[in-house]
Each structure stands twice: as structure tokens, then as C-alpha cells.
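Colleague: The structure follows.
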Amino acid sequence: MSTAHILGFPRIGAERELKFALERYWRDGMTDAGAAALRETGCQLRASHWKTQREAGLTYVTVGDFAWYDHVLTTLAHVGGLPQRFGFDAAQLTLAQYCAMARGNAAQPAMEMTKWFDTNYHYLVPEYSPQTQFGAGVEWLFEEVEEAHAAGHRAKVALVGPLTLLWLGKAREGLSDTLSLLERLLPAYQRLLTRLREQGIEWVQIDEPIFALDLPDAWRAAAPAAYAALAPHAPKLLFTTYFADVSEHAAWLKALPVAGLHLDLVRAPAQLDVFIDAYPADKVLSCGVVDGRNVWRNDLDATLARLTAARERLGERLWLGSSCSLLHTPVDLGHEKKLDAELRAWLAFAVQKVREIALLRDALTQGRGAVAAEFDDARAASAARRTSSRIHNPLVQRALAELTEAQARRESVYAQRAQAQRERFALPLLPTTTIGSFPQTAEIRAARAAYKQGSLSHLDYLEAMRQHIRLAIDKQLAYGLDVLVHGEAERNDMVEYFGELLWGYAITENGWVQSYGSRCVKPPLIYGDVYLPEPMTVGWATYAQSLTDKPVKGMLTGPVTMLQWSFVRDDQPRSQTALQIALALRQETQALEAAHIGMIQIDEPALREGLPLKARERAEYLAWAVHAFRVASSGVKDETQIHTHMCYSEFGDILASIAALDADVISIETTRSNMELLDAFETFDYPNEIGPGVYDIHSPRVPTSDEMAALIGLALERIAPQRLWVNPDCGLKTRDWQQVDPALLAMVEAAKKARAALALKPKKLQQPAGALV
Ligand code: GLN
Ligand code: ZN
């Protein structure tokens with residue numbers, strides 16, 4: 001019997017039980033009683049996830065994939081090495097302390113958070129210093145193993161590996177590099193692994209996904225000795241990689257003193273051939289064939305066919321698994337009541353994927369006949385999906401076929417457009433604006449929810465939203481902003497809102513995926529050609545514009561962000577889907593222009609996170625991503641001003657691509673970096689207009705006008721005043737009006753101060769050396 005397993009199960013719960021339990025615990029002040037209740041929820045979730053795996057027929061249930069907030073922080077809790085600034089002892093760590101590191105407390109800000117590889121999951125970034133010590137940690141993992149054993153399960157433990165744990169951390173306080181801590185860290189892993197072996201654990205899946213990155217040589221070189229030090233103390237180790245190809249490492253990985261390797265054959269199918277060739281006789285090879293990153297049902301026949309040769313070579317040493325942890329997929333399709341039957345039949349969430357893996361194993365070891373009915377079913381679903389008329393839309397196909405290079409170019413170059421736009425809008429120097437959304441109050445949410453449930457009529461809903469637009473416009477006029485927005489009250493989410501209106505998209509009721517801690521996202525899914533049946537935003541934008549003579553920016557989500565934050569169809573390249581979305585957005589921008597909306601913002605906050613993990617694949621990605629944006633934005637006249645917005649802090653490396661978007665104005669997030677981000681603009685002359693954020697909207701704090709004027713001053717050292725805008729870092733939907741009112745008043749005040757200071761300067765000093773006008 002070959003082994004079937006998963007790399008991890010979503011921990012949040014099919015009904016987001018963990019989210020609600022955590023938030024209750026926090027709300028009630030993290031008492032001991034609260035901790036007991038939270039622990040109880042954790043216990044129940046694990047029990048139910050293990051039961052699912054066992055009943056589906058997996059060989060092992062996976063233990064150790066659970067975390068109260070994040071698995072990287074939890075691994076630190078196991079091996080020590082917590083950020084020292086909190087002063088906590090890992091061996092004595094309480095749940096309240098664990099949460100304090102994740103969320104901050106009165107004395108210390110939270111640990112930093114960043115994206116887990118190229119997923120939308122955020123982990124907490126370890127902080128290492130020369131003083132970092134590893135050692136004893138919490139007992140949680142051992143308790144979970146006991147729980148699983150007590151329930152009669154065969155347990156395999158999943159653990160973040162030592163090299164990955166170090167790589168993902170930040171070196172602070174003069175620590176030269178985090179790899180230098182490896183020697184100190186290994187004894188802690190030895191202790192942990194020894195305990196697991198004593199508990200009767202046969203296999204530990206040790207996750208080292210960093211080997212899918214372009215890694216400095218020293219990290220690769222450190223692996224053999226590190227694993228030689230761990231293996232003698234450990235249960236059998238399954239060295240686990242995912243998210244990309246690791247075939248460049250095949251030779252040394254095959255020689256590594258571990259009992260097996262895991263490969264992601266969904267992201268990188270070709271690596272199977274490289275590994276299977278002369279695969280060592282003493283190792284198992286775990287093939288990740290069921291996609292942990294997407295929601296489509298597996299084509300079981302095709303997968304089986306691919307595995308048959310591997311089975312002949314490896315026999316029982318062939319393991320079957322998910323490509324990566326199922327953390328990145330929604331929990332259970334069984335909870336979707338509204339999806340139509342046809343679409344449903346094409347999908348598999350975590351619970352269904354677990355079953356697919358067991359089925360593949362059964363077919364492989366006992367022959368397809370043993371599971372014929374389920375294979376027949378899957379085959380029928382695959383065929384139906386391939387041939388469904390819902391997938392292909394001739395209107396989209398025709399538009400794609402007719403797309404010309406010229407359509408990805410504005411009529412004139414920026415300098416000429418800028419001239420036309422200056423004449424049209426006659427804005428003051430340093431124009432002030434916002435990024436789009438205003439506070440999403442309880443009232444707004446209630447109106448949207450009531451409309452969705454049918455208890456608010458279409459007309460009443462329209463009037464409720466218009467009332468919020470009026471409020472937003474009145475407020476912006478009172479602040480004295482130059483370029484206004486309608487406020488996005490109608491949007492539950494910047495991607496889902498458009499997903500609901502575009503054809504080819506479907507929305508789930510419960511397809512939640514953990515983003516960080518208790519926060520979940522519900523990505524819409526793209527199953528067919530994306531098509532715009534009718535304008536999506538023109539009504540809101542024109543209503544807002546009817547209330548004022550100042551320009552109101554239309555507000556759209558860009559093609560790459562629409563793609564990145566959705567589950568994407570797997571039957572055509574992502575670039576193709578992005579282009580379809582771009583065509584839909586192009587029509588929307590043209591509709592806005594025709595309705596006399598003079599400025600249109602196309603947000604691309606996810607442009608950077610779409611970058612492939614491997615440097616060698618980045619140029620191709622950036623080329624099609626930029627092309628998609630340009631197709632979306634280039635269908636308008638010179639005097640229509642295109643804005644874009646991005647909010648992340650590292651983009652020095654993609655500046656050329658950002659410039660290639662050729663948006664007339666870009667707004668970015670810069671406040672926390674104190675405009676240091678703009679340093680990149682000293683070496684790269686960004687050609688168009690730019691609004692570096694001066695108001696940190698992630699904090700409830702209201703900045704003063706002096707602070708913001710100082711930031712504008714810093715920006716003016718790098719950017720010519722004729723090209724500088726003044727705006728917050730991002731949208732204001734998570735703030736409340738008590739913060740937004742004074743902050744935006746102060747921001748307008750700051751712009752006035754900066755304008756006054758500029759007016760005092762002799763003309764020739766108004767420009768930084770070398771800056772374009
Ligand atoms: N226009 C969006 C807003 O203001 C942009 C959000 C984002 O960048 N994530 O909310
Ligand atoms: Zn933003």
C-alpha cells in the first residue's frame with residue numbers, strides 16, 4: 001500500500017470557528033477562562049480535521065499544521081528564539097503572550113508580518129539578533145500528538161524546518177546573517193525530534209520550501225550537515241519542498257540523510273523525471289499531485305497516468321500527497337449551498353482534495369476498478385468542464401483576436417497628455433486627493449447585507465448608497481481636497497465586488513482562506529472567459545460627479561490584482577485570463593470617460609506579489625502584467641487622467657515596470673518608510689506624476705499637519721513639485737470618521753503649507769537636480 005497524506009489542513013475551520021474563538025478571546029481580555037475556551041475550540045477543530053483525513057482513507061493524519069495565529073510563530077514557540085523585546089520565555093509561554101507577539105501589546109508593537117512565499121497568507125517574521133537563544137519551548141506539539149494518538153490516529157508531524165525558519169527571519173542588532181544561528185538552533189530541533197520519536201512518531205514532514213527560491217549558495221551548502229545532525233535523533237524525515245521547481249538541487253537532495261523527499265508536481269511537474277532518475281533505494285518520494293493552491297477538481301485519470309511510471313520504479317516508496325499544505329484552499333465544498341450544480345461539480349476544496357488523494361492511491365495500488373465509480377464521476381466532471389459553453393465566450397475570444405499593439409498605448413506620450421490634463425483640470429500645485437475608500441461604517445455594512453438578503457429593496461439600497469456618497473462628497477469639499485472620490489460604500493471588497501458583476505466569475509458563500517491570524521479572505525473564482533455585460537461603476541461615479549464641480553476619480557481594481565486575489569482557472573495561462581480582465585476594464589474605463597468622468601484610478605496593489613519566486617521567470621510575468629494594465633488603461637483620450645495605486649514597501653526592483661504602466665499619476669505607500677522608499681527614485685527617474693503617501697492609514701493615530709508637511713518636504717527633495725501629489729498611503733475603509741476628519745483636514749493644511757513654502761523659493765530652486773518637469 002502506498003502512502004497517502006496531505007501537507008497540512010486549513011486550520012481556520014469550515015465555519016471559521018478559529019477566527020471567532022480567537023476574536024472572542026481577545027475581546028474578553030485574554031483571561032485564563034477565555035484561553036481554556038479557545039483551547040477547546042482548537043481541540044475540536046484538530047479532531048475534526050484528523051477525522052476527515054482518516055475517514056477519507058489517508059495513511060496518516062497530519063499533526064503540527066495547527067497554529068493559534070501563525071505556524072512560523074508557533075515553530076518559534078517550539079524551539080525558542082522568540083523576539084527578545086517581549087521578554088517571554090518560550091518554555092513558559094502562555095496563549096496571551098503568544099497573542100501579544102502576534103498583535104502587539106502596550107509595551108511592544110506586533111511582530112512584522114509578510115507574505116508566505118507567493119501566497120496570500122502572511123506569517124510573522126522572526127527577529128534574530130546576536131543574542132538569540134534557542135532551547136526549550138511549549139509542550140503544544142507533544143500534546144497534539146497525544147490527542148491524535150488518543151483518538152487512534154496514525155500521526156505524521158509537520159514542522160517548519162530549521163533552514164526555512166532562519167531564512168524567513170530578519171537579522172537585527174548587528175547580526176550579520178541569520179544562517180549564522182544554525183548551529184545554535186539545531187540542538188533545539190534535536191530535542192524536539194527526539195521527543196517526537198519517543199512519542200512513537202514514525203514520520204516528520206520537515207518543510208524546507210526555501211529551496212524553491214533562488215537561494216545563496218551558503219544555505220544549500222549548510223543543508224547536508226544540518227540534516228546529518230538531525231537525522232540520528234529523529235523519526236524518519238520527509239524533506240518537503242513546494243511552490244516551485246527544486247530540480248537544480250536534485251543531486252544533493254537525493255544524497256541528503258533523510259528518509260524521503262516531497263516535490264510539488266502541480267507547480268513544477270517536470271521535476272519528477274529529474275528526481276526519479278537514479279532515485280536512491282532507501283528513500284520515499286512524495287509526489288504532490290493534488291493542488292493545494294487552487295479549487296479545481298483533480299483530473300484523476302491524467303494524474304494516475306502520470307504516476308504509473310513512477311509507481312513502477314518506486315513501488316511502495318511512492319507517496320501521494322497534496323502539492324503543498326491545503327491551508328491555501330477553502331475548507332469544504334459541502335458548505336456551498338448556492339453554487340449551481342454544474343460549477344460545483346468542477347470544484348474540490350480541502351475536504352474533497354483529501355479524498356482525491358486517497359482515491360489516487362487506491363487506484364494506483366489496487367487498480368482503477370477498486371474506485372471505478374468515483375473515477376467515472378471525476379472523468380465526467382472534467383469532460384463537462386472542458387466542453388461547457390460557460391467557459392468560452394465568443395465575444396471575448398473575438399475581442400482578444402482583434403486586440404492590436406496600438407491598443408496597449410495611449411494616444412500621446414505622457415508630456416503631451418499632461419499638458420492636455422493640466423488645461424482641463426487646472427489643479428493647484430501639489431494637488432490633494434485620497435485613494436478611494438472611506439470608512440465602511442456599520443450602517444453601510446448593514447445596508448449592503450440587507451440588500452443582499454432581500455430585505456432592502458433595490459431602490460432603498462440605491463438611495464442608501466447615494467446618501468453615503470453625498471456624505472463623502474460633502475466631507476471632501478469641507479476638507480478642501482482637490483480631487484474627490486465617491487467613497488466605495490457599495491464595495492464589500494475591491495475584488496469580490498467586481499467578481500460579482502463580471503461574467504466568468506463566481507462567488508462562494510464560504511470559501512474562506514486564512515490571510516493572517518483571525519483574518520480570512522474569500523477569493524472569487526474565475527471559471528470562464530471574463531466578460532463585462534454592462535458598466536459596473538458608472539452609476540456611482542456619475543452620481544458623485546453630479547454633486548460637485550471638482551473632479552471625481554472613477555475607481556477600478558486592475559487586471560493583475562483581480563487575478564492575484566481570485567482563484568484562477570487552470571485551463572489557460574494566467575496571462576490570458578489577465579488580458580480578458582483587462583479588456584473588460586478597458587470597456588469600463590471607456591464607459592466612465594463617455595460619462596464625463598475625467599480621472600480614473602486603476603488599483604494594482606497586488607502587482608508585486610504576483611512576481612514569480614524564481615528570478616528567471618520574472619521578466620515574462622512583468623511583461624504580461626504591464627501589458628494587461630496598459631490594455632485596461634489605454635483606451636481613453638489624452639485629457640482623461642489615469643491614476644494607479646500600489647501599497648507595499650518594496651518596489652525598487654520593479655520600478656521600471658511600474659513606469660512602463662504609463663499611468664499619468666501613481667500613488668504609493670511611503671509614510672512608514674519616512675519617504676525612504678523614494679530613494680529608489682533618485683536612481684530611477686520615474687517619468688510621470690506621483691503621490692507618495694503622507695498619512696499612515698494602518699494606524700488609528702491622526703498625524704499632524706506639520707508631520708505631513710515635513711513628509712511632503714522630504715518628497716520634494718526627490719520629486720519636482722509639478723509632478724507631486726499629496727494623498728494618504730491607501731484607502732480609508734478600515735478607519736472611522738473620527739480619525740479621517742481631522743487627518744484629512746490636516747493633510748490639506750499640510751499641502752497648503754508646502755505650497756506656501758514653495759512659493760517663497762526662487763523658481764530655479766524649486767526643482768531637485770536632474771528632476772524632470
Ligand atoms: N481603492 C482602494 C481603496 O481605497 C484601494 C485599496 C488597496 O490598495 N488595497 O480601498
Ligand atoms: Zn492601497
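In the C-alpha cells, chains take letters A, B, ... by order of appearance, with residues numbered from 1 within each chain and ligands from 1 in the order shown.
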Show which residues sit within 12 Å of A:Ser673, as a PDB file with C-alpha atoms, in the first residue's frame. Count only C-alpha atoms, and ignore same-chain residues fewer than 5 positions away.

Modeller:
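File around-v6.pdb, as written:
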ATOM      1  CA  TYR A 648       3.670  47.890  -0.407  1.00  0.00           C
ATOM      2  CA  SER A 649       7.045  48.911   0.639  1.00  0.00           C
ATOM      3  CA  GLU A 650       9.487  47.143  -1.613  1.00  0.00           C
ATOM      4  CA  ILE A 668       2.149  54.678  -3.277  1.00  0.00           C
ATOM      5  CA  LEU A 678      11.605  57.453  -2.715  1.00  0.00           C
ATOM      6  CA  ASP A 679      15.358  56.894  -2.668  1.00  0.00           C
ATOM      7  CA  PRO A 692       3.807  59.305  -2.068  1.00  0.00           C
ATOM      8  CA  GLY A 693       1.521  58.643   0.904  1.00  0.00           C
ATOM      9  CA  VAL A 694       1.858  61.074   3.814  1.00  0.00           C
ATOM     10  CA  TYR A 695      -0.786  59.582   6.123  1.00  0.00           C
ATOM     11  CA  ASP A 696      -0.299  56.094   7.575  1.00  0.00           C
ATOM     12  CA  LEU A 711       6.996  64.366   4.652  1.00  0.00           C
ATOM     13  CA  LEU A 714      11.154  65.131   2.019  1.00  0.00           C
ATOM     14  CA  ALA A 715       9.314  64.113  -1.126  1.00  0.00           C
ATOM     15  CA  ASP A 729      -0.930  55.727   1.903  1.00  0.00           C
TER      16      ASP A 729
END

Colleague: List as a Markdown table every residue of chain A that is in contact with ligand 2, defined as an atom at most 10 Å from one of its atoms (using only C-alpha atoms and all ligand atoms), together with the nearest atom pair and the distance in Å rounded to one decimal, sorted by chain and then rising number.

Modeller:
| residue | atom | partner | partner_atom_place_in_ligand_line | distance |
| --- | --- | --- | --- | --- |
| A:Ile435 | CA | ligand 2 | 1 (Zn) | 7.1 |
| A:Gly436 | CA | ligand 2 | 1 (Zn) | 9.1 |
| A:Ser437 | CA | ligand 2 | 1 (Zn) | 9.8 |
| A:Asp603 | CA | ligand 2 | 1 (Zn) | 7.7 |
| A:Glu604 | CA | ligand 2 | 1 (Zn) | 8.2 |
| A:Pro605 | CA | ligand 2 | 1 (Zn) | 5.8 |
| A:Ala606 | CA | ligand 2 | 1 (Zn) | 9.3 |
| A:Thr644 | CA | ligand 2 | 1 (Zn) | 9.9 |
| A:His645 | CA | ligand 2 | 1 (Zn) | 6.3 |
| A:Met646 | CA | ligand 2 | 1 (Zn) | 5.4 |
| A:Cys647 | CA | ligand 2 | 1 (Zn) | 4.2 |
| A:Tyr648 | CA | ligand 2 | 1 (Zn) | 7.7 |
| A:Ser667 | CA | ligand 2 | 1 (Zn) | 8.5 |
| A:Ile668 | CA | ligand 2 | 1 (Zn) | 7.3 |
| A:Glu669 | CA | ligand 2 | 1 (Zn) | 7.1 |
| A:Gly693 | CA | ligand 2 | 1 (Zn) | 9.8 |
| A:Ile697 | CA | ligand 2 | 1 (Zn) | 9.4 |
| A:Pro728 | CA | ligand 2 | 1 (Zn) | 9.2 |
| A:Asp729 | CA | ligand 2 | 1 (Zn) | 6.5 |
| A:Cys730 | CA | ligand 2 | 1 (Zn) | 3.8 |
| A:Gly731 | CA | ligand 2 | 1 (Zn) | 5.8 |
| A:Leu732 | CA | ligand 2 | 1 (Zn) | 9.2 |

Colleague: Restricted to N, CA and C atoms, what would the selected residues look like written as an mmCIF file, in the first residue's frame?

Modeller:
data_model
loop_
_atom_site.group_PDB
_atom_site.id
_atom_site.type_symbol
_atom_site.label_atom_id
_atom_site.label_comp_id
_atom_site.auth_asym_id
_atom_site.auth_seq_id
_atom_site.Cartn_x
_atom_site.Cartn_y
_atom_site.Cartn_z
ATOM 1 N N ILE A 435 -7.307 57.758 -1.739
ATOM 2 C CA ILE A 435 -7.057 56.559 -2.547
ATOM 3 C C ILE A 435 -8.355 55.873 -2.971
ATOM 4 N N GLY A 436 -9.471 56.256 -2.388
ATOM 5 C CA GLY A 436 -10.730 55.720 -2.913
ATOM 6 C C GLY A 436 -11.776 55.423 -1.866
ATOM 7 N N SER A 437 -11.443 54.590 -0.877
ATOM 8 C CA SER A 437 -12.490 54.198 0.061
ATOM 9 C C SER A 437 -12.530 55.127 1.262
ATOM 10 N N ASP A 603 -6.457 50.426 -9.525
ATOM 11 C CA ASP A 603 -5.587 49.978 -8.432
ATOM 12 C C ASP A 603 -4.853 48.699 -8.786
ATOM 13 N N GLU A 604 -3.573 48.662 -8.501
ATOM 14 C CA GLU A 604 -2.802 47.417 -8.670
ATOM 15 C C GLU A 604 -1.957 47.092 -7.438
ATOM 16 N N PRO A 605 -2.603 47.000 -6.255
ATOM 17 C CA PRO A 605 -1.808 46.711 -5.060
ATOM 18 C C PRO A 605 -1.149 45.332 -5.105
ATOM 19 N N ALA A 606 -1.614 44.439 -5.987
ATOM 20 C CA ALA A 606 -1.051 43.070 -5.994
ATOM 21 C C ALA A 606 -0.046 42.849 -7.110
ATOM 22 N N THR A 644 -2.971 55.196 -10.922
ATOM 23 C CA THR A 644 -2.904 53.850 -10.373
ATOM 24 C C THR A 644 -2.442 53.957 -8.937
ATOM 25 N N HIS A 645 -2.624 52.859 -8.195
ATOM 26 C CA HIS A 645 -2.243 52.891 -6.787
ATOM 27 C C HIS A 645 -1.619 51.561 -6.394
ATOM 28 N N MET A 646 -0.567 51.642 -5.612
ATOM 29 C CA MET A 646 0.083 50.437 -5.097
ATOM 30 C C MET A 646 0.433 50.665 -3.650
ATOM 31 N N CYS A 647 0.289 49.624 -2.831
ATOM 32 C CA CYS A 647 0.655 49.842 -1.439
ATOM 33 C C CYS A 647 1.476 48.690 -0.919
ATOM 34 N N TYR A 648 2.738 48.806 -1.047
ATOM 35 C CA TYR A 648 3.670 47.890 -0.407
ATOM 36 C C TYR A 648 4.979 48.622 -0.380
ATOM 37 N N SER A 667 -0.089 56.594 -6.972
ATOM 38 C CA SER A 667 0.027 56.849 -5.540
ATOM 39 C C SER A 667 0.593 55.598 -4.885
ATOM 40 N N ILE A 668 1.491 55.807 -3.927
ATOM 41 C CA ILE A 668 2.149 54.678 -3.277
ATOM 42 C C ILE A 668 2.198 54.872 -1.766
ATOM 43 N N GLU A 669 2.554 53.797 -1.070
ATOM 44 C CA GLU A 669 2.610 53.847 0.390
ATOM 45 C C GLU A 669 4.034 54.168 0.829
ATOM 46 N N GLY A 693 2.437 58.487 -0.226
ATOM 47 C CA GLY A 693 1.521 58.643 0.904
ATOM 48 C C GLY A 693 2.151 59.416 2.049
ATOM 49 N N ILE A 697 -2.405 55.054 7.063
ATOM 50 C CA ILE A 697 -3.805 54.708 7.349
ATOM 51 C C ILE A 697 -3.930 53.383 8.101
ATOM 52 N N PRO A 728 -3.120 60.071 1.172
ATOM 53 C CA PRO A 728 -2.797 59.053 2.189
ATOM 54 C C PRO A 728 -2.098 57.854 1.538
ATOM 55 N N ASP A 729 -1.617 56.934 2.383
ATOM 56 C CA ASP A 729 -0.930 55.727 1.903
ATOM 57 C C ASP A 729 -1.856 54.789 1.143
ATOM 58 N N CYS A 730 -3.105 54.705 1.586
ATOM 59 C CA CYS A 730 -4.025 53.724 0.992
ATOM 60 C C CYS A 730 -5.448 54.184 1.289
ATOM 61 N N GLY A 731 -6.423 53.336 0.958
ATOM 62 C CA GLY A 731 -7.826 53.652 1.197
ATOM 63 C C GLY A 731 -8.129 53.726 2.698
ATOM 64 N N LEU A 732 -9.270 54.363 3.016
ATOM 65 C CA LEU A 732 -9.581 54.655 4.414
ATOM 66 C C LEU A 732 -10.692 53.770 4.962
#

Colleague: At a cut-off of 8 Å, using only C-alpha atoms, what residues contact A:Leu304? Leave out same-chain residues fewer than 4 positions from it and give the result as a VMD selection string.

Modeller: chain A and resid 300 308 360 363 to 364

Colleague: Excluding A:Leu82 and its own-chain neighbours fewer than 6 positions away, which residues fall within 9 Å of it when counting only C-alpha atoms? Please give them as a PyMOL selection string.

Modeller: chain A and resi 73+76+88-90+101+126-128+132-134

Colleague: In Å, how far is it from atom CA of A:His233 to atom CA of A:Val258?

Modeller: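 Computed distance, atom CA of A:His233 to atom CA of A:Val258, equals 11.6 Å.
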
Colleague: Could you please write out, as a PyMOL selection string, every residue of stretch 495-705 of chain A that DSSP assigns to helix (DSSP H, G or I)?

Modeller: chain A and resi 496-501+538-546+559-564+574-594+608-610+615-633+652-660+676-683+705

Colleague: Where in stretch 560-670 of chain A does DSSP assign strand (DSSP E), given as a CSV table (one decimal) with N, CA and C atoms, in the first residue's frame?

Modeller:
chain,number,residue,atom,x,y,z
A,599,MET,N,-11.1,61.5,-14.5
A,599,MET,CA,-9.9,60.8,-13.9
A,599,MET,C,-10.4,59.4,-13.5
A,600,ILE,N,-9.5,58.4,-13.8
A,600,ILE,CA,-9.9,57.0,-13.5
A,600,ILE,C,-8.7,56.4,-12.8
A,601,GLN,N,-8.9,55.8,-11.6
A,601,GLN,CA,-7.8,55.2,-10.9
A,601,GLN,C,-8.0,53.6,-11.1
A,602,ILE,N,-6.9,53.0,-11.5
A,602,ILE,CA,-6.9,51.5,-11.6
A,602,ILE,C,-5.9,51.0,-10.6
A,603,ASP,N,-6.5,50.4,-9.5
A,603,ASP,CA,-5.6,50.0,-8.4
A,603,ASP,C,-4.9,48.7,-8.8
A,641,GLN,N,-7.3,61.4,-17.3
A,641,GLN,CA,-6.1,61.2,-16.5
A,641,GLN,C,-6.3,59.8,-15.8
A,642,ILE,N,-5.3,58.9,-16.1
A,642,ILE,CA,-5.3,57.6,-15.5
A,642,ILE,C,-4.4,57.6,-14.3
A,643,HIS,N,-5.0,57.2,-13.2
A,643,HIS,CA,-4.2,57.0,-11.9
A,643,HIS,C,-4.0,55.5,-11.6
A,644,THR,N,-3.0,55.2,-10.9
A,644,THR,CA,-2.9,53.9,-10.4
A,644,THR,C,-2.4,54.0,-8.9
A,645,HIS,N,-2.6,52.9,-8.2
A,645,HIS,CA,-2.2,52.9,-6.8
A,645,HIS,C,-1.6,51.6,-6.4
A,646,MET,N,-0.6,51.6,-5.6
A,646,MET,CA,0.1,50.4,-5.1
A,646,MET,C,0.4,50.7,-3.7
A,665,VAL,N,-0.6,59.2,-13.1
A,665,VAL,CA,-0.3,59.5,-11.7
A,665,VAL,C,-0.3,58.2,-11.0
A,666,ILE,N,0.7,58.0,-10.1
A,666,ILE,CA,0.7,56.8,-9.3
A,666,ILE,C,0.7,57.3,-7.8
A,667,SER,N,-0.1,56.6,-7.0
A,667,SER,CA,0.0,56.8,-5.5
A,667,SER,C,0.6,55.6,-4.9
A,668,ILE,N,1.5,55.8,-3.9
A,668,ILE,CA,2.1,54.7,-3.3
A,668,ILE,C,2.2,54.9,-1.8

Colleague: Do you have the atom CA of A:Leu124-atom CA of A:Val63 distance handy?

Modeller: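 Distance reported for this atom pair: 20.6 Å.
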
Colleague: Work out how far apart atom CA of A:Ala155 and atom CA of A:Ala259 are and give it in Å to one decimal.

Modeller: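 If I compute the distance from atom CA of A:Ala155 to atom CA of A:Ala259, I get 16.5 Å.
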